[in-house]
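Coordinates from start35.csv are shown below (CSV, C-alpha atoms).
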```
chain,number,residue,atom,x,y,z
A,86,MET,CA,10.0,22.3,-2.2
A,87,ASP,CA,13.8,22.3,-2.4
A,88,LYS,CA,14.0,19.4,0.0
A,89,MET,CA,11.6,17.4,-2.3
A,90,ARG,CA,13.6,18.3,-5.3
A,91,GLN,CA,16.8,17.3,-3.6
A,92,GLU,CA,15.3,13.9,-2.7
A,93,VAL,CA,14.2,13.3,-6.3
A,94,LYS,CA,17.7,14.2,-7.5
A,95,GLU,CA,19.2,11.6,-5.1
A,96,LYS,CA,16.8,9.0,-6.4
A,97,LEU,CA,17.6,9.9,-10.0
A,98,THR,CA,21.3,9.4,-9.3
A,99,TYR,CA,20.6,6.1,-7.7
A,100,TRP,CA,18.5,4.8,-10.6
A,101,THR,CA,21.0,6.1,-13.1
A,102,ARG,CA,23.7,4.0,-11.4
A,103,ILE,CA,21.5,0.9,-11.3
A,104,CYS,CA,20.7,1.5,-15.0
A,105,ALA,CA,24.5,1.8,-15.8
A,106,MET,CA,25.2,-1.4,-13.8
A,107,PHE,CA,22.6,-3.5,-15.7
A,108,THR,CA,23.6,-2.0,-19.0
A,109,CYS,CA,27.2,-3.3,-18.3
A,110,LEU,CA,25.8,-6.6,-17.2
A,111,ILE,CA,23.7,-7.0,-20.4
A,112,MET,CA,26.7,-6.1,-22.5
A,113,ALA,CA,28.9,-8.6,-20.7
A,114,GLU,CA,26.2,-11.2,-21.1
A,115,SER,CA,25.8,-10.4,-24.8
A,116,LEU,CA,29.6,-10.7,-25.4
A,117,ARG,CA,29.7,-14.0,-23.5
A,118,HIS,CA,26.7,-15.2,-25.5
A,119,PHE,CA,28.4,-14.5,-28.8
A,120,HIS,CA,31.7,-16.0,-27.8
A,121,SER,CA,30.7,-19.1,-26.0
A,122,ASN,CA,27.2,-20.0,-26.7
A,123,ALA,CA,27.8,-21.6,-30.1
A,124,GLY,CA,27.1,-25.3,-29.6
A,125,ALA,CA,25.9,-24.9,-26.0
A,126,ASP,CA,23.4,-27.4,-24.7
A,127,ASN,CA,19.7,-26.5,-24.2
A,128,PHE,CA,20.0,-25.9,-20.5
A,129,ASN,CA,22.9,-23.5,-20.8
A,130,SER,CA,21.1,-21.7,-23.6
A,131,PHE,CA,17.9,-21.5,-21.4
A,132,PHE,CA,19.8,-20.1,-18.4
A,133,ASP,CA,21.7,-17.6,-20.6
A,134,GLY,CA,18.4,-16.4,-21.9
A,135,PHE,CA,16.9,-16.3,-18.4
A,136,GLN,CA,19.8,-14.2,-17.0
A,137,PHE,CA,19.6,-11.9,-20.0
A,138,GLY,CA,15.8,-11.5,-19.5
A,139,ILE,CA,16.1,-10.8,-15.8
A,140,SER,CA,18.8,-8.2,-16.4
A,141,LEU,CA,16.6,-6.6,-19.1
A,142,VAL,CA,13.7,-6.4,-16.7
A,143,PHE,CA,15.8,-4.7,-14.1
A,144,LEU,CA,17.2,-2.3,-16.7
A,145,ILE,CA,13.7,-1.4,-18.0
A,146,TYR,CA,12.5,-0.9,-14.4
A,147,ALA,CA,15.5,1.4,-13.7
A,148,LEU,CA,14.8,3.3,-17.0
A,149,LYS,CA,11.1,3.7,-16.0
A,150,ASN,CA,12.1,5.1,-12.6
A,151,ILE,CA,14.5,7.6,-14.3
A,152,VAL,CA,11.8,8.8,-16.6
A,153,THR,CA,9.3,9.1,-13.7
A,154,HIS,CA,11.7,11.0,-11.5
A,155,ARG,CA,12.7,13.4,-14.4
A,156,ASN,CA,9.1,14.2,-15.0
A,157,LEU,CA,8.6,14.9,-11.2
A,158,LEU,CA,11.2,17.6,-11.4
A,159,LYS,CA,9.2,19.4,-14.1
A,160,ASP,CA,5.8,19.3,-12.3
A,161,GLU,CA,5.5,20.8,-8.8
A,162,ALA,CA,2.0,19.4,-8.1
A,163,GLN,CA,3.1,15.9,-9.1
A,164,LEU,CA,6.3,16.3,-7.0
A,165,LYS,CA,4.2,17.2,-3.9
A,166,ARG,CA,1.9,14.2,-4.5
A,167,TRP,CA,4.9,11.9,-4.9
A,168,TYR,CA,6.6,13.2,-1.7
A,169,ILE,CA,3.4,12.7,0.3
A,170,GLN,CA,3.1,9.2,-1.1
A,171,VAL,CA,6.7,8.3,-0.3
A,172,HIS,CA,6.6,9.8,3.2
A,173,ASP,CA,3.1,8.6,4.2
A,174,GLU,CA,3.3,7.4,7.8
A,175,ARG,CA,0.8,4.5,7.4
A,176,THR,CA,2.8,3.1,4.5
A,177,ALA,CA,5.9,3.4,6.7
A,178,ALA,CA,4.1,1.6,9.5
A,179,ILE,CA,3.0,-1.2,7.2
A,180,CYS,CA,6.6,-1.5,5.9
A,181,ALA,CA,8.0,-1.6,9.5
A,182,LYS,CA,5.4,-4.3,10.5
A,183,THR,CA,6.1,-6.5,7.5
A,184,GLY,CA,9.9,-6.0,7.5
A,185,GLY,CA,9.4,-4.6,4.0
A,186,ILE,CA,12.7,-2.8,3.5
A,187,PRO,CA,15.0,-5.7,4.7
A,188,MET,CA,12.9,-8.3,2.9
A,189,HIS,CA,12.7,-6.3,-0.3
A,190,THR,CA,16.5,-5.6,-0.2
A,191,CYS,CA,17.3,-9.3,0.4
A,192,GLY,CA,15.0,-10.4,-2.4
A,193,VAL,CA,16.6,-8.0,-4.9
A,194,LEU,CA,20.1,-8.9,-3.7
A,195,PHE,CA,19.3,-12.7,-4.0
A,196,VAL,CA,18.2,-12.2,-7.5
A,197,GLY,CA,21.2,-10.1,-8.3
A,198,ALA,CA,23.5,-12.6,-6.7
A,199,GLY,CA,21.8,-15.3,-8.6
A,200,ILE,CA,22.5,-13.6,-11.9
A,201,ILE,CA,26.2,-13.3,-11.0
A,202,ALA,CA,26.4,-16.8,-9.6
A,203,GLY,CA,24.8,-18.1,-12.8
A,204,TYR,CA,28.1,-17.5,-14.6
A,205,PHE,CA,29.7,-20.1,-12.4
A,206,ASN,CA,27.1,-22.6,-11.2
A,207,ILE,CA,23.6,-23.2,-12.5
A,208,THR,CA,22.4,-24.9,-9.3
A,209,VAL,CA,23.4,-21.8,-7.2
A,210,PHE,CA,21.7,-19.6,-9.8
A,211,ILE,CA,18.4,-21.5,-9.5
A,212,THR,CA,18.5,-21.6,-5.7
A,213,LEU,CA,19.3,-17.9,-5.3
A,214,THR,CA,16.8,-16.7,-7.9
A,215,VAL,CA,14.0,-18.9,-6.5
A,216,CYS,CA,14.7,-17.7,-3.0
A,217,GLY,CA,14.8,-14.0,-4.1
A,218,VAL,CA,11.5,-14.3,-6.1
A,219,PHE,CA,9.9,-16.1,-3.1
A,220,LEU,CA,11.0,-13.3,-0.7
A,221,LEU,CA,9.7,-10.7,-3.1
A,222,ILE,CA,6.3,-12.5,-3.4
A,223,VAL,CA,6.0,-12.9,0.4
A,224,CYS,CA,7.0,-9.3,0.9
A,225,LYS,CA,4.3,-8.1,-1.5
A,226,GLY,CA,1.7,-10.5,0.0
A,227,LEU,CA,2.3,-9.3,3.5
A,228,TYR,CA,2.1,-5.7,2.3
A,229,VAL,CA,-1.3,-6.3,0.7
A,230,TYR,CA,-2.5,-8.2,3.8
A,231,TYR,CA,-1.5,-5.4,6.2
A,232,SER,CA,-2.8,-2.7,3.8
A,233,ARG,CA,-6.3,-4.1,4.2
A,234,LYS,CA,-5.9,-4.7,7.9
A,235,MET,CA,-4.5,-1.3,8.8
B,193,MET,CA,-14.4,19.0,2.3
B,194,SER,CA,-13.2,15.7,1.0
B,195,GLN,CA,-10.7,13.2,2.5
B,196,GLU,CA,-8.4,14.0,-0.4
B,197,ASP,CA,-8.4,17.7,0.6
B,198,LEU,CA,-7.7,17.0,4.2
B,199,ALA,CA,-5.0,14.5,3.3
B,200,CYS,CA,-3.3,17.0,1.0
B,201,ALA,CA,-3.5,19.7,3.7
B,202,VAL,CA,-1.9,17.6,6.4
B,203,GLY,CA,0.7,15.9,4.1
B,204,THR,CA,-0.6,12.4,4.1
B,205,THR,CA,-2.5,10.1,1.7
B,206,ARG,CA,-6.3,9.6,1.4
B,207,GLN,CA,-5.9,6.0,2.4
B,208,THR,CA,-4.4,7.0,5.8
B,209,ILE,CA,-7.3,9.4,6.5
B,210,THR,CA,-9.7,6.6,5.6
B,211,SER,CA,-8.0,4.2,8.0
B,212,ILE,CA,-8.0,6.8,10.8
B,213,GLU,CA,-11.7,7.4,10.3
B,214,VAL,CA,-12.6,3.7,10.5
B,215,GLU,CA,-10.2,3.3,13.4
B,216,LYS,CA,-8.0,0.8,11.6
B,217,TYR,CA,-5.0,2.9,12.1
B,218,THR,CA,-3.9,5.1,15.0
B,219,ALA,CA,-2.4,8.4,13.8
B,220,SER,CA,1.0,9.5,15.1
B,221,LEU,CA,1.2,12.4,17.5
B,222,VAL,CA,2.5,14.7,14.7
B,223,LEU,CA,-0.3,13.8,12.3
B,224,ALA,CA,-2.9,14.1,15.0
B,225,TYR,CA,-1.5,17.6,15.8
B,226,LYS,CA,-1.6,18.6,12.1
B,227,ILE,CA,-5.2,17.4,11.7
B,228,ALA,CA,-6.3,19.2,14.9
B,229,ARG,CA,-4.5,22.4,13.8
B,230,TYR,CA,-6.2,22.1,10.3
B,231,PHE,CA,-9.6,22.2,12.0
B,232,GLY,CA,-8.6,24.8,14.5
B,233,LEU,CA,-9.4,22.5,17.4
B,234,SER,CA,-7.4,20.7,20.1
B,235,ILE,CA,-6.4,17.0,19.7
B,236,GLU,CA,-8.9,15.9,22.4
B,237,GLU,CA,-11.7,17.5,20.5
B,238,VAL,CA,-10.9,15.8,17.2
B,239,PHE,CA,-9.9,12.3,18.5
B,240,ASP,CA,-11.9,10.1,20.8
B,241,PHE,CA,-9.8,8.9,23.8
B,242,SER,CA,-12.7,7.5,25.8
B,243,ASP,CA,-11.6,3.9,25.3
B,244,VAL,CA,-8.0,4.5,26.4
B,245,GLU,CA,-7.4,2.4,29.5
B,246,GLU,CA,-6.0,4.2,32.6
B,247,ILE,CA,-3.1,2.4,34.3
```

Produce structure tokens that represent the structure in this file.
Amino acid sequence: MDKMRQEVKEKLTYWTRICAMFTCLIMAESLRHFHSNAGADNFNSFFDGFQFGISLVFLIYALKNIVTHRNLLKDEAQLKRWYIQVHDERTAAICAKTGGIPMHTCGVLFVGAGIIAGYFNITVFITLTVCGVFLLIVCKGLYVYYSRKM
Amino acid sequence: MSQEDLACAVGTTRQTITSIEVEKYTASLVLAYKIARYFGLSIEEVFDFSDVEEI
């Protein structure tokens, strides 16, 4: 049980860092918005809003994970269920077969890089974001396909 | 005994037990050992190896 708790604490630290990172990003985006967005054209305004929205989605996702992991530490039965779910060998086999971890990581990194690149170049922002979202969709699709096959 | 009970006892998910039952997924040696130990039998008694080709 200590091993399970330790793992949850590590995940909690990870999601707290992600949460802090996106909070900083949203604050920076908000400051930039108030300083430079006055009189911006429609496209710039749209992309500012899009970047803000994506950052907000990541922040909410991180917050949801923090709350979930905090609750796991309070309930042992739930903690055991979570541990089994995370360490299930069939899920690991599906992930290995679909290249799930590298593809998921690349997708998230592409979207993250897209958000940062958006401050400098809109074309790079669109390209990276579309690639990232496409990778994430393919990753999920392959996972669903192999879940039914295996 | 339900699939959920067995899954919980051997530390896996119900979906994995279902997949093993319908022969969609081949259990690892460790999981096969845990399932056999849970029933108090040997691995050969729980799993069917009749279609394994001899080289």

Exercise for the section: Find the spatial neighbours of A:Ile139, counting only C-alpha atoms, within a cut-off of 10 Å - ignore same-chain residues fewer than 3 positions away - and output them as a list in words. Expected result: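 Final neighbour list, sorted by chain and number: Phe107, Ile111, Gly134, Phe135, Gln136, Val142, Phe143, Leu144, Ile145, Val196, Gly197, Ile200 and Thr214 of chain A.
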
Exercise for the section: Identify all chain B residues at most 9 Å from chain A by counting all atoms listed in the file; ligands do not count. Present them as a list of chain:residue names. Expected result: B:Cys200, B:Gly203, B:Thr204, B:Thr205, B:Gln207, B:Thr208, B:Ser211, B:Glu215, B:Lys216, B:Tyr217, B:Thr218, B:Ala219, B:Ser220, B:Leu223

Practice task
Compile the contact shell of A:Thr190 as a count of residues only: residues with an atom at most 12 Å away, counting all atoms listed in the file, same-chain residues fewer than 4 positions apart removed.
Solution key: 13

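Of the residues listed (A:Leu116, A:Leu158, A:Leu110, A:Ala202), A:Leu110 shows the shortest atom-to-atom separation from A:Gly138; distances use all atoms listed in the file.
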
Near stretch 224-235 of chain B, within 10 Å and counting all atoms listed in the file, which residues show up once chain neighbours fewer than 5 positions away are dropped, as a PDB file with C-alpha atoms, keeping the file's coordinate frame?
```pdb
ATOM      1  CA  LEU B 198      -7.700  17.000   4.200  1.00  0.00           C
ATOM      2  CA  ALA B 199      -5.000  14.500   3.300  1.00  0.00           C
ATOM      3  CA  ALA B 201      -3.500  19.700   3.700  1.00  0.00           C
ATOM      4  CA  VAL B 202      -1.900  17.600   6.400  1.00  0.00           C
ATOM      5  CA  GLY B 203       0.700  15.900   4.100  1.00  0.00           C
ATOM      6  CA  ILE B 209      -7.300   9.400   6.500  1.00  0.00           C
ATOM      7  CA  ILE B 212      -8.000   6.800  10.800  1.00  0.00           C
ATOM      8  CA  THR B 218      -3.900   5.100  15.000  1.00  0.00           C
ATOM      9  CA  ALA B 219      -2.400   8.400  13.800  1.00  0.00           C
ATOM     10  CA  ASP B 240     -11.900  10.100  20.800  1.00  0.00           C
ATOM     11  CA  PHE B 241      -9.800   8.900  23.800  1.00  0.00           C
TER      12      PHE B 241
END
```

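The interatomic distance for the pair atom CA of A:Tyr204 and atom CA of A:Thr108 works out to 16.7 Å.
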
Problem - Distance in Å - atom CA of A:Trp100 versus atom CA of A:Asn150 - result: 6.7 Å

Problem - One-decimal distance in Å that lies between atom CA of A:Ala147 and atom CA of A:Thr208 - result: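 These two atoms are separated by 27.5 Å.
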
Practice task
Can you work out which one of A:Gly226, A:Gly192, A:Pro187, A:Gly199 has the shortest atom-to-atom distance to A:Ser140, counting all atoms listed in the file?
Solution key: A:Gly199

Problem - From A:Leu97, A:His154, A:Arg90, A:Leu141, residue lying nearest A:Cys109 [only C-alpha atoms] - result: A:Leu141
